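Here's structure00.txt, which has compact mmCIF, C-alpha atoms:
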# COMPACT_ATOMS: atom_id res chain seq x y z
CA MET A 8 -109.72 -15.40 87.63
CA ILE A 9 -110.69 -19.01 87.03
CA LYS A 10 -110.95 -19.50 90.80
CA ALA A 11 -113.33 -16.55 91.07
CA LEU A 12 -115.43 -18.05 88.31
CA ILE A 13 -115.60 -21.50 89.92
CA SER A 14 -116.38 -19.91 93.28
CA THR A 15 -119.26 -17.97 91.72
CA VAL A 16 -120.57 -21.06 89.94
CA PHE A 17 -120.44 -23.03 93.21
CA PHE A 18 -122.30 -20.33 95.11
CA ALA A 19 -124.91 -20.02 92.36
CA SER A 20 -125.36 -23.82 92.29
CA ALA A 21 -125.81 -23.83 96.06
CA ALA A 22 -128.45 -21.11 95.77
CA LEU A 23 -130.16 -23.10 93.02
CA ALA A 24 -130.05 -26.27 95.15
CA GLN A 25 -132.23 -24.43 97.68
CA THR A 26 -135.20 -25.55 95.54
CA TRP A 27 -134.70 -29.15 96.67
CA VAL A 28 -133.18 -28.91 100.14
CA ALA A 29 -136.52 -29.10 101.93
CA ASP A 30 -137.28 -32.44 100.30
CA ASP A 31 -133.91 -34.13 100.35
CA PRO A 32 -131.41 -34.02 103.23
CA VAL A 33 -128.68 -35.45 101.00
CA ILE A 34 -128.89 -32.43 98.71
CA HIS A 35 -129.04 -30.12 101.71
CA VAL A 36 -126.16 -31.51 103.75
CA LEU A 37 -123.93 -33.27 101.23
CA VAL A 38 -124.42 -31.06 98.15
CA GLN A 39 -125.48 -27.56 99.12
CA MET A 40 -123.42 -27.13 102.28
CA PRO A 41 -120.15 -28.41 100.74
CA LEU A 42 -120.77 -26.20 97.68
CA LEU A 43 -121.12 -23.15 99.94
CA ALA A 44 -117.95 -24.00 101.84
CA ALA A 45 -116.07 -24.66 98.57
CA ALA A 46 -117.30 -21.33 97.16
CA GLY A 47 -115.69 -19.62 100.15
CA TYR A 48 -112.52 -21.72 99.93
CA LEU A 49 -112.00 -20.71 96.29
CA LEU A 50 -112.76 -17.04 96.89
CA PRO A 51 -109.71 -15.21 95.52
CA HIS A 52 -107.89 -13.03 98.04
CA ARG A 53 -104.44 -11.55 98.44
CA PHE A 54 -104.59 -11.57 102.18
CA THR A 55 -101.95 -13.27 104.30
CA LEU A 56 -102.91 -13.87 107.88
CA PRO A 57 -100.59 -12.49 110.53
CA HIS A 58 -98.94 -15.39 112.30
CA THR A 59 -100.82 -14.71 115.53
CA MET A 60 -104.20 -15.08 113.85
CA ILE A 61 -103.71 -18.52 112.31
CA GLY A 62 -104.88 -20.43 115.39
CA PRO A 63 -108.00 -18.32 115.97
CA VAL A 64 -109.06 -18.38 112.30
CA LEU A 65 -108.55 -22.15 112.07
CA LEU A 66 -110.71 -22.56 115.18
CA LEU A 67 -113.36 -20.36 113.56
CA ALA A 68 -113.41 -22.75 110.59
CA LEU A 69 -113.68 -25.82 112.81
CA VAL A 70 -116.38 -24.40 115.10
CA THR A 71 -118.42 -23.29 112.08
CA CYS A 72 -118.25 -26.83 110.69
CA VAL A 73 -119.20 -28.39 114.03
CA ILE A 74 -122.22 -26.11 114.44
CA TRP A 75 -123.44 -26.99 110.95
CA MET A 76 -122.96 -30.67 111.76
CA LEU A 77 -125.65 -30.46 114.46
CA PRO A 78 -128.97 -31.90 113.26
CA ARG A 79 -130.85 -29.02 114.84
CA SER A 80 -128.94 -26.50 112.71
CA VAL A 81 -130.04 -28.39 109.60
CA ASP A 82 -133.65 -28.20 110.80
CA ALA A 83 -133.29 -24.55 111.80
CA ALA A 84 -131.95 -23.62 108.35
CA LEU A 85 -135.28 -24.81 106.94
CA SER A 86 -137.62 -23.35 109.52
CA ASP A 87 -135.94 -20.10 110.60
CA THR A 88 -135.10 -17.20 108.28
CA GLY A 89 -132.15 -16.09 110.39
CA TRP A 90 -130.53 -19.54 110.25
CA HIS A 91 -131.36 -19.79 106.56
CA LEU A 92 -129.43 -16.60 105.81
CA ALA A 93 -126.66 -17.53 108.24
CA LYS A 94 -126.07 -20.70 106.23
CA PHE A 95 -125.24 -18.68 103.11
CA VAL A 96 -122.85 -16.39 105.01
CA THR A 97 -121.13 -18.54 107.64
CA LEU A 98 -120.42 -21.60 105.49
CA PRO A 99 -118.57 -19.70 102.71
CA LEU A 100 -116.83 -17.16 104.98
CA GLY A 101 -116.62 -18.83 108.39
CA SER A 102 -115.59 -22.26 107.16
CA GLY A 103 -114.43 -22.11 103.50
CA LEU A 104 -112.54 -18.82 103.44
CA ALA A 105 -111.21 -19.30 106.97
CA LEU A 106 -109.86 -22.71 105.97
CA SER A 107 -108.24 -21.41 102.78
CA LEU A 108 -106.51 -18.68 104.80
CA THR A 109 -105.08 -21.12 107.31
CA TRP A 110 -104.62 -24.46 105.51
CA PRO A 111 -101.48 -23.50 103.54
CA THR A 112 -99.78 -22.33 106.72
CA ILE A 113 -100.37 -25.25 109.06
CA GLY A 114 -98.03 -28.18 109.47
CA PRO A 115 -98.48 -31.74 108.24
CA VAL A 116 -99.20 -33.21 111.66
CA LEU A 117 -102.11 -30.86 112.28
CA ARG A 118 -103.35 -31.46 108.75
CA GLY A 119 -103.28 -35.19 109.25
CA PHE A 120 -105.04 -34.79 112.58
CA ILE A 121 -107.81 -32.69 111.03
CA LYS A 122 -108.23 -35.14 108.15
CA ALA A 123 -108.48 -38.06 110.57
CA GLN A 124 -111.06 -36.11 112.60
CA VAL A 125 -113.09 -35.33 109.48
CA ILE A 126 -113.21 -39.00 108.46
CA SER A 127 -114.06 -40.32 111.90
CA MET A 128 -116.72 -37.64 112.42
CA LEU A 129 -118.33 -38.45 109.06
CA LEU A 130 -118.39 -42.15 109.95
CA LEU A 131 -119.90 -41.33 113.34
CA LEU A 132 -122.61 -39.25 111.68
CA GLY A 133 -123.15 -42.03 109.16
CA PHE A 134 -123.65 -44.53 111.96
CA LEU A 135 -125.95 -42.15 113.85
CA TYR A 136 -128.17 -41.41 110.84
CA THR A 137 -128.46 -45.04 109.75
CA HIS A 138 -129.01 -46.54 113.21
CA ALA A 139 -130.85 -43.92 115.30
CA PRO A 140 -134.20 -45.30 116.54
CA ILE A 141 -135.68 -41.79 116.40
CA ARG A 142 -136.04 -39.13 113.76
CA ILE A 143 -133.01 -36.90 114.03
CA CYS A 144 -134.34 -34.09 111.84
CA ASN A 145 -138.00 -33.15 112.17
CA SER A 146 -137.96 -31.86 108.59
CA TYR A 147 -137.05 -35.15 106.94
CA LEU A 148 -138.52 -38.63 106.59
CA VAL A 149 -136.89 -41.58 108.32
CA GLU A 150 -135.94 -43.22 105.04
CA ASP A 151 -134.26 -40.00 103.88
CA GLN A 152 -132.41 -39.83 107.19
CA HIS A 153 -131.12 -43.32 106.44
CA ARG A 154 -130.03 -42.26 102.93
CA LEU A 155 -128.14 -39.32 104.42
CA GLY A 156 -126.35 -41.71 106.78
CA VAL A 157 -125.26 -43.86 103.86
CA GLY A 158 -124.15 -40.65 102.12
CA PHE A 159 -121.94 -39.69 105.10
CA VAL A 160 -120.26 -43.10 105.02
CA THR A 161 -119.74 -42.87 101.25
CA VAL A 162 -118.10 -39.45 101.57
CA ALA A 163 -115.93 -40.71 104.43
CA LEU A 164 -114.73 -43.67 102.37
CA GLY A 165 -114.16 -41.43 99.35
CA LEU A 166 -112.05 -39.00 101.38
CA THR A 167 -110.14 -41.88 102.95
CA LEU A 168 -109.20 -43.20 99.52
CA TRP A 169 -108.34 -39.73 98.25
CA TRP A 170 -106.08 -39.00 101.20
CA ILE A 171 -104.63 -42.48 101.68
CA ILE A 172 -103.75 -43.44 98.11
CA PRO A 173 -101.08 -40.72 97.78
CA ALA A 174 -99.51 -42.07 100.97
CA PHE A 175 -98.70 -45.26 99.12
CA LEU A 176 -97.65 -43.55 95.91
CA GLY A 177 -95.71 -40.61 97.32
CA LYS A 178 -92.05 -40.66 98.18
CA PRO A 179 -91.10 -40.36 101.80
CA ILE A 180 -89.48 -37.05 102.48
CA THR A 181 -86.97 -35.98 105.03
CA LEU A 182 -87.64 -32.77 106.81
CA LEU A 183 -84.73 -30.56 105.96
CA LYS A 184 -84.05 -27.67 108.25
CA ASP A 185 -82.79 -25.50 105.42
CA LYS A 186 -85.99 -25.91 103.50
CA PRO A 187 -88.65 -24.92 106.00
CA HIS A 188 -91.28 -24.48 103.29
CA ASP A 189 -91.20 -28.23 102.78
CA LEU A 190 -92.82 -28.74 106.16
CA PRO A 191 -96.39 -27.93 105.34
CA GLY A 192 -97.25 -30.26 102.57
CA LEU A 193 -99.72 -32.74 101.30
CA GLY A 194 -101.00 -35.51 103.51
CA TYR A 195 -98.65 -38.13 102.14
CA LYS A 196 -95.65 -36.28 103.46
CA LEU A 197 -96.81 -37.36 106.84
CA PHE A 198 -95.63 -40.88 106.21
CA MET B 8 -96.96 -16.18 123.22
CA ARG B 9 -99.48 -13.72 121.86
CA SER B 10 -100.40 -16.31 119.30
CA ALA B 11 -101.22 -18.81 122.05
CA LEU B 12 -103.29 -16.22 123.93
CA TYR B 13 -105.33 -15.39 120.83
CA THR B 14 -105.88 -19.08 120.15
CA ILE B 15 -107.04 -19.71 123.70
CA GLY B 16 -109.34 -16.69 123.41
CA ALA B 17 -110.76 -18.07 120.18
CA ALA B 18 -111.18 -21.52 121.75
CA VAL B 19 -113.16 -19.99 124.62
CA LEU B 20 -115.36 -18.09 122.16
CA GLY B 21 -115.77 -21.25 120.09
CA CYS B 22 -116.88 -23.25 123.13
CA ALA B 23 -119.29 -20.45 124.06
CA ALA B 24 -120.76 -20.57 120.55
CA LEU B 25 -121.19 -24.34 120.76
CA TRP B 26 -122.70 -24.01 124.22
CA GLN B 27 -125.15 -21.47 122.83
CA ALA B 28 -125.95 -23.57 119.74
CA THR B 29 -126.77 -26.64 121.85
CA ASP B 30 -128.57 -24.91 124.76
CA GLY B 31 -125.74 -25.81 127.12
CA LEU B 32 -124.88 -29.14 125.45
CA ARG B 33 -128.41 -30.32 126.17
CA ALA B 34 -129.93 -30.44 122.69
CA ILE B 35 -128.39 -31.39 119.38
CA THR B 36 -131.67 -32.04 117.57
CA ALA B 37 -134.63 -29.74 116.94
CA GLU B 38 -136.83 -32.06 118.99
CA GLY B 39 -134.35 -31.95 121.88
CA ALA B 40 -134.27 -28.16 121.61
CA ARG B 41 -138.05 -28.02 121.80
CA ARG B 42 -138.00 -30.03 125.03
CA VAL B 43 -135.21 -28.03 126.65
CA THR B 44 -136.31 -24.52 125.71
CA ILE B 45 -139.99 -25.06 126.50
CA ALA B 46 -139.13 -26.45 129.93
CA ASP B 47 -136.93 -23.39 130.55
CA SER B 48 -139.33 -20.77 129.29
CA PRO B 49 -142.98 -21.72 128.74
CA ALA B 50 -144.58 -20.15 125.68
CA PRO B 51 -148.02 -18.50 125.62
CA VAL B 52 -150.69 -20.46 123.74
CA PRO B 53 -152.69 -18.30 121.30
CA PRO B 54 -156.46 -18.10 121.90
CA ILE B 55 -157.49 -20.95 119.62
CA GLU B 56 -160.72 -22.90 119.80
CA LEU B 57 -160.86 -26.60 119.10
CA GLU B 58 -163.89 -28.49 117.91
CA THR B 59 -164.19 -31.64 120.00
CA MET B 60 -165.59 -34.94 118.73
CA SER B 61 -168.94 -34.14 120.33
CA GLY B 62 -169.14 -30.95 118.26
CA GLU B 63 -168.64 -28.40 121.03
CA MET B 64 -166.05 -25.61 120.77
CA ARG B 65 -163.44 -25.59 123.45
CA PRO B 66 -160.80 -22.88 123.98
CA LEU B 67 -157.27 -24.19 124.25
CA GLY B 68 -155.15 -23.02 127.14
CA SER B 69 -157.97 -22.33 129.58
CA GLY B 70 -159.41 -24.57 132.26
CA GLY B 71 -156.24 -25.46 134.09
CA PRO B 72 -153.41 -27.80 133.18
CA THR B 73 -154.11 -29.80 130.03
CA LEU B 74 -152.24 -32.55 128.21
CA ILE B 75 -152.39 -32.63 124.44
CA GLU B 76 -150.87 -34.59 121.60
CA PHE B 77 -151.04 -34.11 117.85
CA ILE B 78 -152.29 -36.92 115.63
CA TYR B 79 -154.18 -37.59 112.41
CA THR B 80 -156.75 -40.34 112.46
CA THR B 81 -155.83 -41.98 109.14
CA CYS B 82 -152.29 -42.51 110.43
CA PRO B 83 -151.43 -46.21 110.23
CA THR B 84 -148.43 -46.17 112.56
CA ILE B 85 -147.22 -43.90 115.34
CA CYS B 86 -150.56 -42.15 115.98
CA GLN B 87 -152.14 -45.51 116.74
CA THR B 88 -149.28 -46.43 119.05
CA SER B 89 -149.42 -43.06 120.73
CA GLY B 90 -153.21 -43.39 121.02
CA GLY B 91 -152.58 -46.56 123.01
CA ASP B 92 -149.92 -44.75 125.03
CA PHE B 93 -152.33 -41.89 125.73
CA ALA B 94 -154.88 -44.40 127.04
CA GLU B 95 -152.25 -45.90 129.32
CA LEU B 96 -151.27 -42.42 130.46
CA ARG B 97 -154.91 -41.68 131.36
CA ASP B 98 -155.08 -44.87 133.45
CA HIS B 99 -151.72 -44.09 135.06
CA LEU B 100 -152.81 -40.56 136.02
CA HIS B 101 -156.17 -41.83 137.22
CA ALA B 102 -154.43 -44.35 139.47
CA SER B 103 -152.35 -41.50 140.94
CA GLY B 104 -155.49 -39.45 141.57
CA LEU B 105 -154.59 -36.87 138.94
CA VAL B 106 -157.43 -35.86 136.68
CA VAL B 107 -156.61 -33.32 133.97
CA PRO B 108 -158.16 -32.80 130.55
CA MET B 109 -156.39 -34.71 127.78
CA ILE B 110 -156.91 -33.83 124.12
CA SER B 111 -155.73 -35.63 121.00
CA VAL B 112 -155.61 -32.85 118.42
CA SER B 113 -155.81 -33.67 114.73
CA PHE B 114 -153.50 -31.64 112.49
CA ASP B 115 -155.47 -32.82 109.46
CA PRO B 116 -158.85 -31.12 110.08
CA GLU B 117 -159.83 -31.32 106.42
CA GLN B 118 -159.70 -35.12 106.33
CA ASP B 119 -160.64 -35.72 109.94
CA ASP B 120 -164.35 -34.96 110.28
CA LEU B 121 -166.21 -35.52 113.55
CA ASP B 122 -166.97 -39.12 112.58
CA ALA B 123 -163.29 -39.82 112.04
CA LEU B 124 -162.49 -38.27 115.42
CA ARG B 125 -165.18 -40.37 117.11
CA ASN B 126 -163.92 -43.55 115.47
CA TYR B 127 -160.39 -42.84 116.63
CA ALA B 128 -161.72 -42.16 120.14
CA GLU B 129 -163.70 -45.38 120.17
CA LEU B 130 -160.72 -47.39 118.95
CA HIS B 131 -158.60 -46.08 121.82
CA SER B 132 -161.32 -45.91 124.50
CA ALA B 133 -161.35 -42.13 124.75
CA THR B 134 -164.75 -41.35 126.23
CA GLY B 135 -164.57 -37.57 126.18
CA LYS B 136 -163.75 -37.26 129.86
CA PRO B 137 -161.00 -36.68 130.72
CA TRP B 138 -159.72 -37.58 127.26
CA THR B 139 -161.31 -36.24 124.10
CA VAL B 140 -160.34 -36.00 120.45
CA ALA B 141 -160.57 -32.64 118.70
CA ARG B 142 -159.61 -30.68 115.62
CA PRO B 143 -158.73 -27.01 115.03
CA GLN B 144 -160.19 -24.71 112.40
CA VAL B 145 -158.12 -24.99 109.22
CA ALA B 146 -157.20 -21.30 109.50
CA ASP B 147 -155.79 -21.78 113.01
CA LEU B 148 -153.62 -24.74 112.09
CA PRO B 149 -150.38 -22.93 111.14
CA ALA B 150 -150.37 -20.87 114.36
CA LEU B 151 -151.14 -23.99 116.37
CA LEU B 152 -148.32 -26.03 114.84
CA ARG B 153 -145.91 -23.09 115.21
CA THR B 154 -146.77 -22.61 118.87
CA PHE B 155 -146.23 -26.25 119.73
CA ARG B 156 -143.32 -26.61 117.28
CA VAL B 157 -144.89 -29.54 115.50
CA THR B 158 -143.36 -30.28 112.10
CA VAL B 159 -145.62 -32.18 109.73
CA ILE B 160 -144.25 -33.44 106.42
CA PRO B 161 -146.02 -35.63 103.87
CA ASP B 162 -144.57 -39.13 103.57
CA ASN B 163 -144.58 -40.90 100.23
CA TRP B 164 -147.66 -42.98 101.02
CA GLY B 165 -150.35 -40.32 101.32
CA GLY B 166 -149.83 -39.85 105.05
CA TYR B 167 -147.59 -37.68 107.19
CA GLU B 168 -144.52 -37.94 109.38
CA HIS B 169 -144.51 -35.71 112.43
CA ASN B 170 -142.77 -35.32 115.76
CA ILE B 171 -144.98 -36.96 118.36
CA ALA B 172 -144.91 -36.18 122.06
CA VAL B 173 -147.18 -35.46 124.99
CA LEU B 174 -147.41 -31.69 125.48
CA LEU B 175 -148.34 -29.93 128.69
CA ILE B 176 -150.24 -26.66 128.92
CA ASN B 177 -149.83 -25.33 132.45
CA GLY B 178 -152.31 -23.54 134.69
CA ASP B 179 -151.35 -20.15 133.22
CA GLY B 180 -152.32 -21.32 129.76
CA LYS B 181 -148.73 -21.64 128.65
CA PHE B 182 -147.07 -24.44 126.70
CA ALA B 183 -144.73 -25.70 129.40
CA GLY B 184 -143.57 -29.25 128.76
CA VAL B 185 -142.73 -31.86 126.13
CA PHE B 186 -142.51 -35.54 127.04
CA ASP B 187 -142.06 -38.93 125.43
CA THR B 188 -145.43 -40.61 125.03
CA ARG B 189 -144.46 -43.34 127.51
CA ALA B 190 -142.73 -41.15 130.12
CA PHE B 191 -145.73 -41.64 132.44
CA ASP B 192 -143.95 -40.84 135.69
CA ASP B 193 -142.37 -37.66 134.32
CA ILE B 194 -145.73 -36.53 132.99
CA ALA B 195 -147.49 -37.32 136.27
CA HIS B 196 -144.84 -35.37 138.14
CA ALA B 197 -145.16 -32.37 135.82
CA VAL B 198 -148.96 -32.43 136.09
CA GLU B 199 -148.71 -32.54 139.86
CA GLN B 200 -146.46 -29.49 139.79
CA ALA B 201 -148.81 -27.66 137.44
CA LEU B 202 -151.96 -28.32 139.47
What is this file in structure tokens?
Amino acid sequence: MIKALISTVFFASAALAQTWVADDPVIHVLVQMPLLAAAGYLLPHRFTLPHTMIGPVLLLALVTCVIWMLPRSVDAALSDTGWHLAKFVTLPLGSGLALSLTWPTIGPVLRGFIKAQVISMLLLLGFLYTHAPIRICNSYLVEDQHRLGVGFVTVALGLTLWWIIPAFLGKPITLLKDKPHDLPGLGYKLF
Amino acid sequence: MRSALYTIGAAVLGCAALWQATDGLRAITAEGARRVTIADSPAPVPPIELETMSGEMRPLGSGGPTLIEFIYTTCPTICQTSGGDFAELRDHLHASGLVVPMISVSFDPEQDDLDALRNYAELHSATGKPWTVARPQVADLPALLRTFRVTVIPDNWGGYEHNIAVLLINGDGKFAGVFDTRAFDDIAHAVEQAL
């Protein structure tokens, strides 16, 4: 119930943020898009994926994220009605919900791999947006592009701290064969 | 086993989606997409008339291959650089024996009156032939910017930021090429093809 409420609030906030997305890429990419994905992630469901579908659905989540990482998609969401609507459907369902269906079922190695990818990709984007000699998005000013780059780096550092600190606080675990449900766990169980 | 097959199937679909979203891994920005898609499939130019700096009306997209670029004359930065580049391009084409009309089109027709256009022309040695400076009717502006996929946004200093490039209209009156303002050889080659 509470999850449904938070999900609704997130989606409504994302819709409200639409007022400012044309002026500020930070609100567009680092506030609205994550809110949409989080709204989908928190969407309550009683559905358990059949084992065979975990890989495909996880790939759906990753591909959706990669497509929305492209600067041209960000531009298209502002200039094209189809892309604009697609943003509100694919980010919650294609990335958020797809991730919430698969994340609890995948193992710690894959989780660690995905987290490392997320951090390095955010840093790459941060470098690109702060150092590109050209305008990457036609819809935004160069100085805003620079701010977005700094935003990517900030998020990357924040996630790094969030995921790394437990690694130093958590207890190492041994993978016991008789407790298979211990395998998929939080990031710190990797270490 | 089935699980692996499904995953491979999904990976293939995912790659296809990415291929589609980047025009075959060729364009990750909107500006890149403009260059790639226009080169692949030229777009018809609507019948729009421009008012040149000498006050005559001139239909866009007729009269053979034409090079245009979008500017506004009060621009302190890239329009002045690109004006210089356009002058160099004219000299480069002239040296190669290629003479095609070149038009600097203002996207700020309300501010840019004929005097402003003439001043800009004088500053950059545009004499009207082959290079002239022109402005559209205010009512035609949205269609013009849409056709050439020019995005203009106000900056915080009373001016605009916009994607600048040299644009080619081919002999059929279609928008057929987008080039960096200093890609003289590429432009000369494309003009040669279009003639």
Selection near region 126-131 of chain B, 10 Å with all atoms listed in the file, sequence-local residues under 2 positions removed, as a list in words: Met60, Tyr79, Thr80, Thr81, Cys86, Gln87, Thr88, Ser89, Gly90, Gly91, Asp92, Phe93, Ala94, Glu95, Ser111, Asp119, Leu121, Asp122, Ala123, Leu124, Ala133, Thr134, Gly135, Trp138, Thr139, Val140 and Ala141 of chain B
Which polymer residues have any atom within 12 Å of an atom of Pro32 (chain A), counting all atoms listed in the file, with same-chain residues fewer than 6 positions away left out, as a compact mmCIF listing (two decimals) with C-alpha atoms, keeping the file's coordinate frame?
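Output below, filename around-v5.txt:
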# COMPACT_ATOMS: atom_id res chain seq x y z
CA ALA A 24 -130.05 -26.27 95.15
CA GLN A 25 -132.23 -24.43 97.68
CA VAL A 38 -124.42 -31.06 98.15
CA GLN A 39 -125.48 -27.56 99.12
CA MET A 40 -123.42 -27.13 102.28
CA PRO A 78 -128.97 -31.90 113.26
CA VAL A 81 -130.04 -28.39 109.60
CA ASP A 82 -133.65 -28.20 110.80
CA ALA A 84 -131.95 -23.62 108.35
CA LEU A 85 -135.28 -24.81 106.94
CA TYR A 136 -128.17 -41.41 110.84
CA ILE A 143 -133.01 -36.90 114.03
CA CYS A 144 -134.34 -34.09 111.84
CA ASN A 145 -138.00 -33.15 112.17
CA SER A 146 -137.96 -31.86 108.59
CA TYR A 147 -137.05 -35.15 106.94
CA LEU A 148 -138.52 -38.63 106.59
CA VAL A 149 -136.89 -41.58 108.32
CA GLU A 150 -135.94 -43.22 105.04
CA ASP A 151 -134.26 -40.00 103.88
CA GLN A 152 -132.41 -39.83 107.19
CA HIS A 153 -131.12 -43.32 106.44
CA ARG A 154 -130.03 -42.26 102.93
CA LEU A 155 -128.14 -39.32 104.42
CA GLY A 156 -126.35 -41.71 106.78
CA VAL A 157 -125.26 -43.86 103.86
CA GLY A 158 -124.15 -40.65 102.12
CA PHE A 159 -121.94 -39.69 105.10
Residues of chain B within 9 Å of chain A, counting all atoms listed in the file, as a VMD selection string: chain B and resid 8 to 18 21 to 22 24 to 25 28 to 29 34 to 40 157 to 162 168 to 170
Non-local contacts of region 92-103 of chain A (6 Å; only C-alpha atoms; under 6 positions in same chain excluded) as a list in words: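 The neighbour list is Leu43, Ala44, Ala45, Ala46, Gly47, Tyr48, Ala68 and Thr71 of chain A.
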d(CA of Pro143 (chain B), CA of Leu57 (chain B)) in Å: 4.6 Å
For CA of Ile13 (chain A) and CA of Ile171 (chain A), the interatomic separation in Å (one decimal):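 Calculated distance between CA of Ile13 (chain A) and CA of Ile171 (chain A) is 26.4 Å.
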Near-Val43 (chain B) list (9 Å; all atoms listed in the file; drop same-chain fewer than 5 positions) as a ChimeraX atom specification: /B:30,33-34,38,48,184-185
Ala190 (chain B) surroundings by all atoms listed in the file, 10 Å radius, close-in-sequence under 5 positions cut, as a list of chain:residue names: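 Answer for this query is B:Asp92, B:Leu96, B:Ala172, B:Val173, B:Ala195.
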CA of Ile110 (chain B) to CA of Leu67 (chain B), straight-line distance in Å: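 CA of Ile110 (chain B) lies at a distance of 9.6 Å from CA of Leu67 (chain B).
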Sel. within 6 Å of pt (-155.2, -24.0, 137.5), counting only C-alpha atoms, output as a PyMOL selection string: chain B and resi 71+178+202
Set up a box along x, y and z of the file covering all listed atoms of region 108-124 of chain B, add 8 Å on every one of the six sides, and write the centre and edge lengths in Å to one decimal, as JSON.
{"center_x": -160.2, "center_y": -35.5, "center_z": 118.4, "size_x": 29.5, "size_y": 24.7, "size_z": 40.2}
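Closest approach to Thr73 (chain B) from the set B:Glu199, B:Glu58, B:Asp187, B:Asp193 is made by B:Glu199, with distances taken over all atoms listed in the file.
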Selected residue, from A:Phe18, A:Trp90, A:Phe175, A:Trp169, that lies nearest to Leu49 (chain A) when counting all atoms listed in the file: A:Phe18
Pick from B:Leu74, B:Leu174, B:Val19, B:Cys82, whichever lies nearest to Arg97 (chain B) using all atoms listed in the file: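 Between B:Leu74, B:Leu174, B:Val19, B:Cys82, the residue approaching Arg97 (chain B) most closely is B:Leu74.
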Would you fill out region 127-140 of chain B with N, CA and C atoms and return it as a CSV table (one decimal), keeping the file's coordinate frame?
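So part15.csv came out as:
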chain,number,residue,atom,x,y,z
B,127,TYR,N,-161.7,-42.8,116.0
B,127,TYR,CA,-160.4,-42.8,116.6
B,127,TYR,C,-160.6,-43.0,118.1
B,128,ALA,N,-161.5,-42.2,118.7
B,128,ALA,CA,-161.7,-42.2,120.1
B,128,ALA,C,-162.2,-43.5,120.6
B,129,GLU,N,-163.1,-44.1,119.8
B,129,GLU,CA,-163.7,-45.4,120.2
B,129,GLU,C,-162.6,-46.5,120.1
B,130,LEU,N,-161.8,-46.4,119.1
B,130,LEU,CA,-160.7,-47.4,119.0
B,130,LEU,C,-159.8,-47.4,120.2
B,131,HIS,N,-159.6,-46.2,120.7
B,131,HIS,CA,-158.6,-46.1,121.8
B,131,HIS,C,-159.3,-45.8,123.2
B,132,SER,N,-160.6,-46.0,123.2
B,132,SER,CA,-161.3,-45.9,124.5
B,132,SER,C,-161.2,-44.5,125.1
B,133,ALA,N,-161.3,-43.5,124.2
B,133,ALA,CA,-161.4,-42.1,124.8
B,133,ALA,C,-162.8,-41.8,124.8
B,134,THR,N,-163.3,-41.5,126.0
B,134,THR,CA,-164.8,-41.4,126.2
B,134,THR,C,-165.2,-39.9,126.3
B,135,GLY,N,-164.2,-39.0,126.1
B,135,GLY,CA,-164.6,-37.6,126.2
B,135,GLY,C,-164.2,-36.9,127.5
B,136,LYS,N,-164.2,-37.8,128.6
B,136,LYS,CA,-163.8,-37.3,129.9
B,136,LYS,C,-162.9,-38.3,130.5
B,137,PRO,N,-161.7,-38.0,130.9
B,137,PRO,CA,-161.0,-36.7,130.7
B,137,PRO,C,-160.4,-36.5,129.3
B,138,TRP,N,-160.5,-37.6,128.5
B,138,TRP,CA,-159.7,-37.6,127.3
B,138,TRP,C,-160.7,-37.4,126.1
B,139,THR,N,-160.5,-36.4,125.3
B,139,THR,CA,-161.3,-36.2,124.1
B,139,THR,C,-160.4,-36.1,122.9
B,140,VAL,N,-161.1,-36.2,121.7
B,140,VAL,CA,-160.3,-36.0,120.4
B,140,VAL,C,-160.9,-34.8,119.8
